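First the structure, in the form of C-alpha cells, and then the observations on it.
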Amino acid sequence: MTRYDDDTERTFAALPPAQGRGFAQTWWGRAWLQALEDAALDNAQVKTGRRLARAGAVGAVSVRPGRITAVVQDRDRTAHRADVLLEQLSDAQWDRFVDMAIERSGHVAALLDRDMPPHLVEDAANAGIDLLPGMGDLEPECDCGAWDHCGHTAALCYQVARLLDQDPFVLLLMRGRAEGAVLDALQTYGSAPAEEAASRPEGVDAAEAYAAGHLLPPLPAPPGLGQGPGAPPSLDTETAPPPGVDPSALAVLASQTAAEAHRLLAEALRSGHDRRAAGTEPTVAQDAVRLAAEDAGPDVLDRLAKGSGRTREALDAAVRAWGLGGAAALLVLEEEWAVEGDALARARGALESAWEEDERPSLRARANRWSVVGAPHQLRLDRDGRWWPYRREHGRWVPVGGATQDPATALASAALATGDEL
C-alpha cells in the first residue's frame, strides 16, 4: 500500500521477505542494482544488504526527489536510518525529457503502462538525460557511520529495486518529478495545437552546432593499463539460476572477456597500433577452443565440445594444438589439403635436404601429411611452408611441438616426445 504525503513524497509500506525470488525482475530494476554492485567497494557489505532485505529487515521506504530513506534492522534488532541520494534532473533536463517523450507516442503509452522500454532510456540519454543511475551515482548515508555503502544502504537499494519493478515512476520521483507532474506536463505539451507543433524546429541548427564546436571538451587521455585483467563480478546471488543458465559457464565467459579486453587494450596502447592491419575474427569453432584452453570445468568443456561440433577427445587435441600455436596450429590439426605445384616442389626439396641419404627416414605422404613408416611420428605442412611435429596416441594424431622451417627438427621433436630415436 502506498501513502501520498504530498505531491513530492511517497511512502511505501514495508515489503514482506523476498525468500526464493530475485529482487529485480525488470531490466531497469536490474540496472538499478548493477549501479549499486558496481560502485560498492566492499562486496561483503552488498551481500549483507541482500540478506537483510531478503529477511524483511527494511522498514517503510520514503521516496522523494534526490533521496530514499528507510529504517533497517540488523540481525540483533539494532535499527539504523539509511539514506541513498541520487542527483535530481534540472528543469531544463525535464523539459527535454517531456519534448523527447511526446515525439514518440510509444514512450507515453509505456509510462502509463508502468513500463520503461530500453528505447525510452536510450532516447533520453541521447538528449543528455540519465534516468537510470550509473556507477557512483547512488550516494549512501547511514547513521552506522560507514562512509561507503554498508549493509543498511545496500538493503535499502535492494528493496527499492522491488518498488521499481512495480512502478518506474518511483525512479522519476527520485530524479525530481512526481507522477502527477510528469503526466500533466506530457498532457499539456501533447495537446498543443497542430500548427504550433509543426512550427517547432527539429534538431539543432547546423550553423549553431558548428559554431559551438570549440566549446566541446578535449578527448580524455587513453586509459591506463592495469597489471592484469579485472576480476569479474561474483555470480553468487543466493538464488537458483533461471532455466538454461549455467553459472559456471558464465563465470568462464566473464573471466575470458576480462582477459581478452585487457589484451586488446594492451595492443591498442602499443606504439604503432594504428598502422597494423586488423586481425581476422575467430570462427565459432576456433573461439570454443580458445575458451576451452583456459581453466574450464568438465561441464563447460562438454558444452564447448558439443557447441563446436567436436567430441571431448577432439576438443582436447584442439586445445593442445592451440597451446602450441594458436589458430595456425589448430588449422594444421583440422585441415587436410593437397600439396601441389610449387608448394610440393619446395616440400620435397626441404625433405631431401634435411637428412643425409642414408639417414633419411621412410615417409609415406598423404595430402600435407608425411607419416614415418613403422613409427608413430608424422610431419604436417602448413600453407606457409612450416613443418609441425605429430605423434600417434590412442589411435589419434596429436601435435607435440611448435612449427619449424626444418622438417628434420620437427621430426626430432616428435621422436623426443615419445622417447624414441630416429
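Ligands are numbered from 1 in the order shown, residues from 1 within each chain, and chains are lettered A, B, ... in the order they appear in the C-alpha cells.
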Point to revise | Non-local contacts of A:Gln227 (12 Å; only C-alpha atoms; under 4 positions in same chain excluded) as a ChimeraX atom specification | key: /A:231,259,262-263,265-266
Practice item. Tell me, as a list in words, which residues lie within 6 Å of stretch 358-370 of chain A, counting only C-alpha atoms; anything in the same chain fewer than 5 positions away does not count. Key: Trp337, Ala338, Val339, Gln378, Leu379, Arg380 and Leu381 of chain A
Exercise for review: Would you mind telling me which residue in A:Pro389, A:Val245, A:Asp148, A:Ala181 lies nearest to A:Asp95 when using only C-alpha atoms?
Suggested key: A:Ala181
**Study point:** Given only C-alpha atoms as the counted atoms, nearest of A:Arg162, A:His149, A:Asp76, A:Pro133 to A:Ala24
**Key:** A:Arg162
Point to revise | DSSP-assigned strand (DSSP E) among stretch 66-127 of chain A, expressed as an NGL selection string | key: :A and (67-73 or 79-85)
Requested write-out: N, CA, C and O atoms of the selected residues, as a PDB file, in the first residue's frame:
ATOM      1  N   ARG A  67      16.365  11.556  -2.897  1.00  0.00           N
ATOM      2  CA  ARG A  67      16.669  10.800  -1.682  1.00  0.00           C
ATOM      3  C   ARG A  67      15.641   9.693  -1.461  1.00  0.00           C
ATOM      4  O   ARG A  67      14.447   9.873  -1.694  1.00  0.00           O
ATOM      5  N   ILE A  68      16.139   8.545  -0.999  1.00  0.00           N
ATOM      6  CA  ILE A  68      15.275   7.481  -0.480  1.00  0.00           C
ATOM      7  C   ILE A  68      15.741   7.182   0.941  1.00  0.00           C
ATOM      8  O   ILE A  68      16.932   7.256   1.257  1.00  0.00           O
ATOM      9  N   THR A  69      14.787   6.843   1.815  1.00  0.00           N
ATOM     10  CA  THR A  69      15.090   6.671   3.236  1.00  0.00           C
ATOM     11  C   THR A  69      14.304   5.482   3.776  1.00  0.00           C
ATOM     12  O   THR A  69      13.153   5.260   3.388  1.00  0.00           O
ATOM     13  N   ALA A  70      14.919   4.743   4.689  1.00  0.00           N
ATOM     14  CA  ALA A  70      14.231   3.670   5.405  1.00  0.00           C
ATOM     15  C   ALA A  70      15.008   3.347   6.667  1.00  0.00           C
ATOM     16  O   ALA A  70      16.199   3.657   6.792  1.00  0.00           O
ATOM     17  N   VAL A  71      14.323   2.718   7.610  1.00  0.00           N
ATOM     18  CA  VAL A  71      14.965   2.188   8.816  1.00  0.00           C
ATOM     19  C   VAL A  71      15.231   0.710   8.573  1.00  0.00           C
ATOM     20  O   VAL A  71      14.325  -0.038   8.185  1.00  0.00           O
ATOM     21  N   VAL A  72      16.488   0.304   8.769  1.00  0.00           N
ATOM     22  CA  VAL A  72      16.900  -1.070   8.524  1.00  0.00           C
ATOM     23  C   VAL A  72      17.378  -1.677   9.836  1.00  0.00           C
ATOM     24  O   VAL A  72      18.168  -1.052  10.562  1.00  0.00           O
ATOM     25  N   GLN A  73      16.909  -2.873  10.126  1.00  0.00           N
ATOM     26  CA  GLN A  73      17.289  -3.544  11.375  1.00  0.00           C
ATOM     27  C   GLN A  73      18.379  -4.581  11.117  1.00  0.00           C
ATOM     28  O   GLN A  73      18.282  -5.383  10.178  1.00  0.00           O
ATOM     29  N   ALA A  79      18.365  -0.804  15.109  1.00  0.00           N
ATOM     30  CA  ALA A  79      17.785  -0.072  13.986  1.00  0.00           C
ATOM     31  C   ALA A  79      18.722   1.040  13.528  1.00  0.00           C
ATOM     32  O   ALA A  79      19.330   1.742  14.343  1.00  0.00           O
ATOM     33  N   HIS A  80      18.844   1.219  12.224  1.00  0.00           N
ATOM     34  CA  HIS A  80      19.670   2.272  11.643  1.00  0.00           C
ATOM     35  C   HIS A  80      18.877   2.981  10.550  1.00  0.00           C
ATOM     36  O   HIS A  80      18.187   2.336   9.753  1.00  0.00           O
ATOM     37  N   ARG A  81      18.991   4.299  10.512  1.00  0.00           N
ATOM     38  CA  ARG A  81      18.393   5.052   9.418  1.00  0.00           C
ATOM     39  C   ARG A  81      19.380   5.057   8.240  1.00  0.00           C
ATOM     40  O   ARG A  81      20.543   5.457   8.371  1.00  0.00           O
ATOM     41  N   ALA A  82      18.901   4.598   7.102  1.00  0.00           N
ATOM     42  CA  ALA A  82      19.727   4.534   5.889  1.00  0.00           C
ATOM     43  C   ALA A  82      19.125   5.449   4.829  1.00  0.00           C
ATOM     44  O   ALA A  82      17.912   5.461   4.624  1.00  0.00           O
ATOM     45  N   ASP A  83      19.969   6.232   4.197  1.00  0.00           N
ATOM     46  CA  ASP A  83      19.560   7.103   3.102  1.00  0.00           C
ATOM     47  C   ASP A  83      20.452   6.835   1.895  1.00  0.00           C
ATOM     48  O   ASP A  83      21.638   6.532   2.038  1.00  0.00           O
ATOM     49  N   VAL A  84      19.880   6.945   0.712  1.00  0.00           N
ATOM     50  CA  VAL A  84      20.638   6.877  -0.528  1.00  0.00           C
ATOM     51  C   VAL A  84      20.231   8.079  -1.370  1.00  0.00           C
ATOM     52  O   VAL A  84      19.041   8.302  -1.614  1.00  0.00           O
ATOM     53  N   LEU A  85      21.234   8.854  -1.798  1.00  0.00           N
ATOM     54  CA  LEU A  85      20.977  10.078  -2.545  1.00  0.00           C
ATOM     55  C   LEU A  85      21.232   9.845  -4.031  1.00  0.00           C
ATOM     56  O   LEU A  85      22.153   9.112  -4.412  1.00  0.00           O
TER      57      LEU A  85
END
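Using only C-alpha atoms, the protein and nucleic acid residues lying no more than 12 Å from A:Lys306, apart from those fewer than 5 places from it along its own chain, are Val284, Ala285, Ala288, Val289, Ala292, Asp299, Val300, Leu301, Thr311, Arg312, Glu313, Ala314 and Leu315 of chain A.
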**Study point:** Pick from A:Leu411, A:Leu111, A:Gly341, A:Leu132, whichever lies nearest to A:Ala375 using only C-alpha atoms
**Key:**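 That would be A:Leu411, the residue with the smallest distance to A:Ala375.
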Review point. Which value, in Å to one decimal, gives the distance between atom CA of A:Thr404 and atom CA of A:Val373?
Key: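 These two atoms are separated by 21.4 Å.
One distance worth recording is that between atom CA of A:Ala92 and atom CA of A:Met116, which is 21.3 Å.
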Proximity check stretch 85-154 of chain A to stretch 164-177 of chain A, 12 Å, nearest pairs one decimal Å, only C-alpha atoms, as CSV:
residue,atom,partner,partner_atom,distance
A:Leu85,CA,A:Met174,CA,8.6
A:Leu86,CA,A:Met174,CA,6.8
A:Glu87,CA,A:Arg175,CA,6.5
A:Gln88,CA,A:Arg175,CA,4.3
A:Leu89,CA,A:Arg175,CA,5.5
A:Ser90,CA,A:Gly176,CA,8.2
A:Asp91,CA,A:Gly176,CA,9.1
A:Gln93,CA,A:Arg175,CA,10.4
A:Trp94,CA,A:Arg177,CA,8.4
A:Asp95,CA,A:Arg177,CA,11.3
A:Phe97,CA,A:Leu172,CA,10.8
A:Val98,CA,A:Arg177,CA,11.5
A:Ala110,CA,A:Pro168,CA,10.1
A:Leu111,CA,A:Pro168,CA,7.6
A:Leu112,CA,A:Phe169,CA,9.5
A:Asp113,CA,A:Asp167,CA,9.1
A:Arg114,CA,A:Asp167,CA,5.4
A:Asp115,CA,A:Pro168,CA,6.6
A:Met116,CA,A:Pro168,CA,6.6
A:Pro117,CA,A:Pro168,CA,10.3
A:Leu120,CA,A:Pro168,CA,11.9
A:Val121,CA,A:Pro168,CA,11.5
A:Ile129,CA,A:Arg175,CA,10.3
A:Asp130,CA,A:Arg175,CA,9.4
A:Leu131,CA,A:Arg175,CA,7.3
A:Leu132,CA,A:Leu171,CA,7.7
A:Pro133,CA,A:Leu171,CA,9.5
A:Asp137,CA,A:Arg175,CA,11.5
A:Leu138,CA,A:Met174,CA,11.0
Need the shell around A:Ala101: protein/DNA/RNA residues with any atom at most 9 Å away, counting only C-alpha atoms. Skip same-chain ones fewer than 4 positions apart. Format as a PDB file with all heavy atoms, in the first residue's frame?
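Generated output (around_15.pdb):
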ATOM      1  N   ARG A  96      13.488  18.798 -21.685  1.00  0.00           N
ATOM      2  CA  ARG A  96      13.946  17.973 -22.805  1.00  0.00           C
ATOM      3  C   ARG A  96      13.341  16.574 -22.751  1.00  0.00           C
ATOM      4  O   ARG A  96      13.033  15.983 -23.781  1.00  0.00           O
ATOM      5  CB  ARG A  96      15.480  17.884 -22.807  1.00  0.00           C
ATOM      6  CG  ARG A  96      16.164  19.192 -23.171  1.00  0.00           C
ATOM      7  CD  ARG A  96      17.580  18.956 -23.709  1.00  0.00           C
ATOM      8  NE  ARG A  96      18.418  18.234 -22.778  1.00  0.00           N
ATOM      9  CZ  ARG A  96      19.137  18.809 -21.809  1.00  0.00           C
ATOM     10  NH1 ARG A  96      19.093  20.125 -21.644  1.00  0.00           N
ATOM     11  NH2 ARG A  96      19.904  18.090 -21.022  1.00  0.00           N
ATOM     12  N   PHE A  97      13.183  16.058 -21.541  1.00  0.00           N
ATOM     13  CA  PHE A  97      12.573  14.733 -21.385  1.00  0.00           C
ATOM     14  C   PHE A  97      11.140  14.735 -21.903  1.00  0.00           C
ATOM     15  O   PHE A  97      10.721  13.819 -22.633  1.00  0.00           O
ATOM     16  CB  PHE A  97      12.615  14.295 -19.916  1.00  0.00           C
ATOM     17  CG  PHE A  97      11.872  13.005 -19.656  1.00  0.00           C
ATOM     18  CD1 PHE A  97      12.459  11.788 -19.967  1.00  0.00           C
ATOM     19  CD2 PHE A  97      10.596  13.006 -19.106  1.00  0.00           C
ATOM     20  CE1 PHE A  97      11.783  10.593 -19.733  1.00  0.00           C
ATOM     21  CE2 PHE A  97       9.917  11.819 -18.873  1.00  0.00           C
ATOM     22  CZ  PHE A  97      10.513  10.613 -19.192  1.00  0.00           C
ATOM     23  N   SER A 105       4.865   8.496 -29.439  1.00  0.00           N
ATOM     24  CA  SER A 105       3.698   8.178 -28.614  1.00  0.00           C
ATOM     25  C   SER A 105       3.906   6.921 -27.793  1.00  0.00           C
ATOM     26  O   SER A 105       3.318   6.758 -26.722  1.00  0.00           O
ATOM     27  CB  SER A 105       2.461   8.022 -29.507  1.00  0.00           C
ATOM     28  OG  SER A 105       2.671   6.980 -30.475  1.00  0.00           O
ATOM     29  N   GLY A 106       4.771   6.036 -28.284  1.00  0.00           N
ATOM     30  CA  GLY A 106       5.020   4.804 -27.540  1.00  0.00           C
ATOM     31  C   GLY A 106       5.642   5.055 -26.186  1.00  0.00           C
ATOM     32  O   GLY A 106       5.429   4.284 -25.242  1.00  0.00           O
ATOM     33  N   HIS A 107       6.434   6.132 -26.049  1.00  0.00           N
ATOM     34  CA  HIS A 107       7.036   6.443 -24.754  1.00  0.00           C
ATOM     35  C   HIS A 107       5.963   6.759 -23.723  1.00  0.00           C
ATOM     36  O   HIS A 107       5.996   6.267 -22.591  1.00  0.00           O
ATOM     37  CB  HIS A 107       7.978   7.639 -24.893  1.00  0.00           C
ATOM     38  CG  HIS A 107       9.235   7.333 -25.634  1.00  0.00           C
ATOM     39  ND1 HIS A 107       9.710   6.056 -25.806  1.00  0.00           N
ATOM     40  CD2 HIS A 107      10.128   8.146 -26.265  1.00  0.00           C
ATOM     41  CE1 HIS A 107      10.838   6.078 -26.496  1.00  0.00           C
ATOM     42  NE2 HIS A 107      11.116   7.337 -26.794  1.00  0.00           N
ATOM     43  N   VAL A 108       5.013   7.597 -24.094  1.00  0.00           N
ATOM     44  CA  VAL A 108       3.950   7.972 -23.160  1.00  0.00           C
ATOM     45  C   VAL A 108       3.105   6.749 -22.814  1.00  0.00           C
ATOM     46  O   VAL A 108       2.775   6.512 -21.648  1.00  0.00           O
ATOM     47  CB  VAL A 108       3.077   9.084 -23.759  1.00  0.00           C
ATOM     48  CG1 VAL A 108       1.958   9.464 -22.797  1.00  0.00           C
ATOM     49  CG2 VAL A 108       3.917  10.304 -24.097  1.00  0.00           C
ATOM     50  N   LEU A 120      13.234   4.102 -24.618  1.00  0.00           N
ATOM     51  CA  LEU A 120      12.923   5.351 -23.928  1.00  0.00           C
ATOM     52  C   LEU A 120      14.155   5.860 -23.184  1.00  0.00           C
ATOM     53  O   LEU A 120      14.492   7.050 -23.232  1.00  0.00           O
ATOM     54  CB  LEU A 120      11.757   5.143 -22.957  1.00  0.00           C
ATOM     55  CG  LEU A 120      11.217   6.371 -22.207  1.00  0.00           C
ATOM     56  CD1 LEU A 120       9.748   6.158 -21.846  1.00  0.00           C
ATOM     57  CD2 LEU A 120      11.986   6.674 -20.928  1.00  0.00           C
ATOM     58  N   ASP A 123      16.767   7.032 -25.764  1.00  0.00           N
ATOM     59  CA  ASP A 123      16.440   8.344 -26.328  1.00  0.00           C
ATOM     60  C   ASP A 123      16.699   9.453 -25.319  1.00  0.00           C
ATOM     61  O   ASP A 123      17.178  10.538 -25.668  1.00  0.00           O
ATOM     62  CB  ASP A 123      14.975   8.378 -26.777  1.00  0.00           C
ATOM     63  CG  ASP A 123      14.728   7.545 -28.033  1.00  0.00           C
ATOM     64  OD1 ASP A 123      15.728   7.123 -28.655  1.00  0.00           O
ATOM     65  OD2 ASP A 123      13.569   7.320 -28.377  1.00  0.00           O
ATOM     66  N   ALA A 124      16.383   9.162 -24.050  1.00  0.00           N
ATOM     67  CA  ALA A 124      16.647  10.162 -23.012  1.00  0.00           C
ATOM     68  C   ALA A 124      18.145  10.409 -22.872  1.00  0.00           C
ATOM     69  O   ALA A 124      18.594  11.555 -22.754  1.00  0.00           O
ATOM     70  CB  ALA A 124      16.046   9.708 -21.680  1.00  0.00           C
ATOM     71  N   LEU A 186       3.219  16.013 -19.818  1.00  0.00           N
ATOM     72  CA  LEU A 186       3.053  15.280 -21.072  1.00  0.00           C
ATOM     73  C   LEU A 186       1.724  15.620 -21.736  1.00  0.00           C
ATOM     74  O   LEU A 186       1.638  15.778 -22.954  1.00  0.00           O
ATOM     75  CB  LEU A 186       3.143  13.775 -20.816  1.00  0.00           C
ATOM     76  CG  LEU A 186       4.511  13.226 -20.405  1.00  0.00           C
ATOM     77  CD1 LEU A 186       4.410  11.752 -20.034  1.00  0.00           C
ATOM     78  CD2 LEU A 186       5.526  13.411 -21.518  1.00  0.00           C
TER      79      LEU A 186
END
Check your understanding: Given the choices A:Met135, A:Leu304, A:Ala40, A:Val400, which gets closest to A:His377 if the distance is worked out from only C-alpha atoms?
Key -> A:Val400
Practice item. Pick out each residue of stretch 257-301 of chain A that DSSP on the backbone tags as helix (DSSP H, G or I); I need them as number ranges by chain. Key: A: 257-269, 273-275, 284-292, 298-301
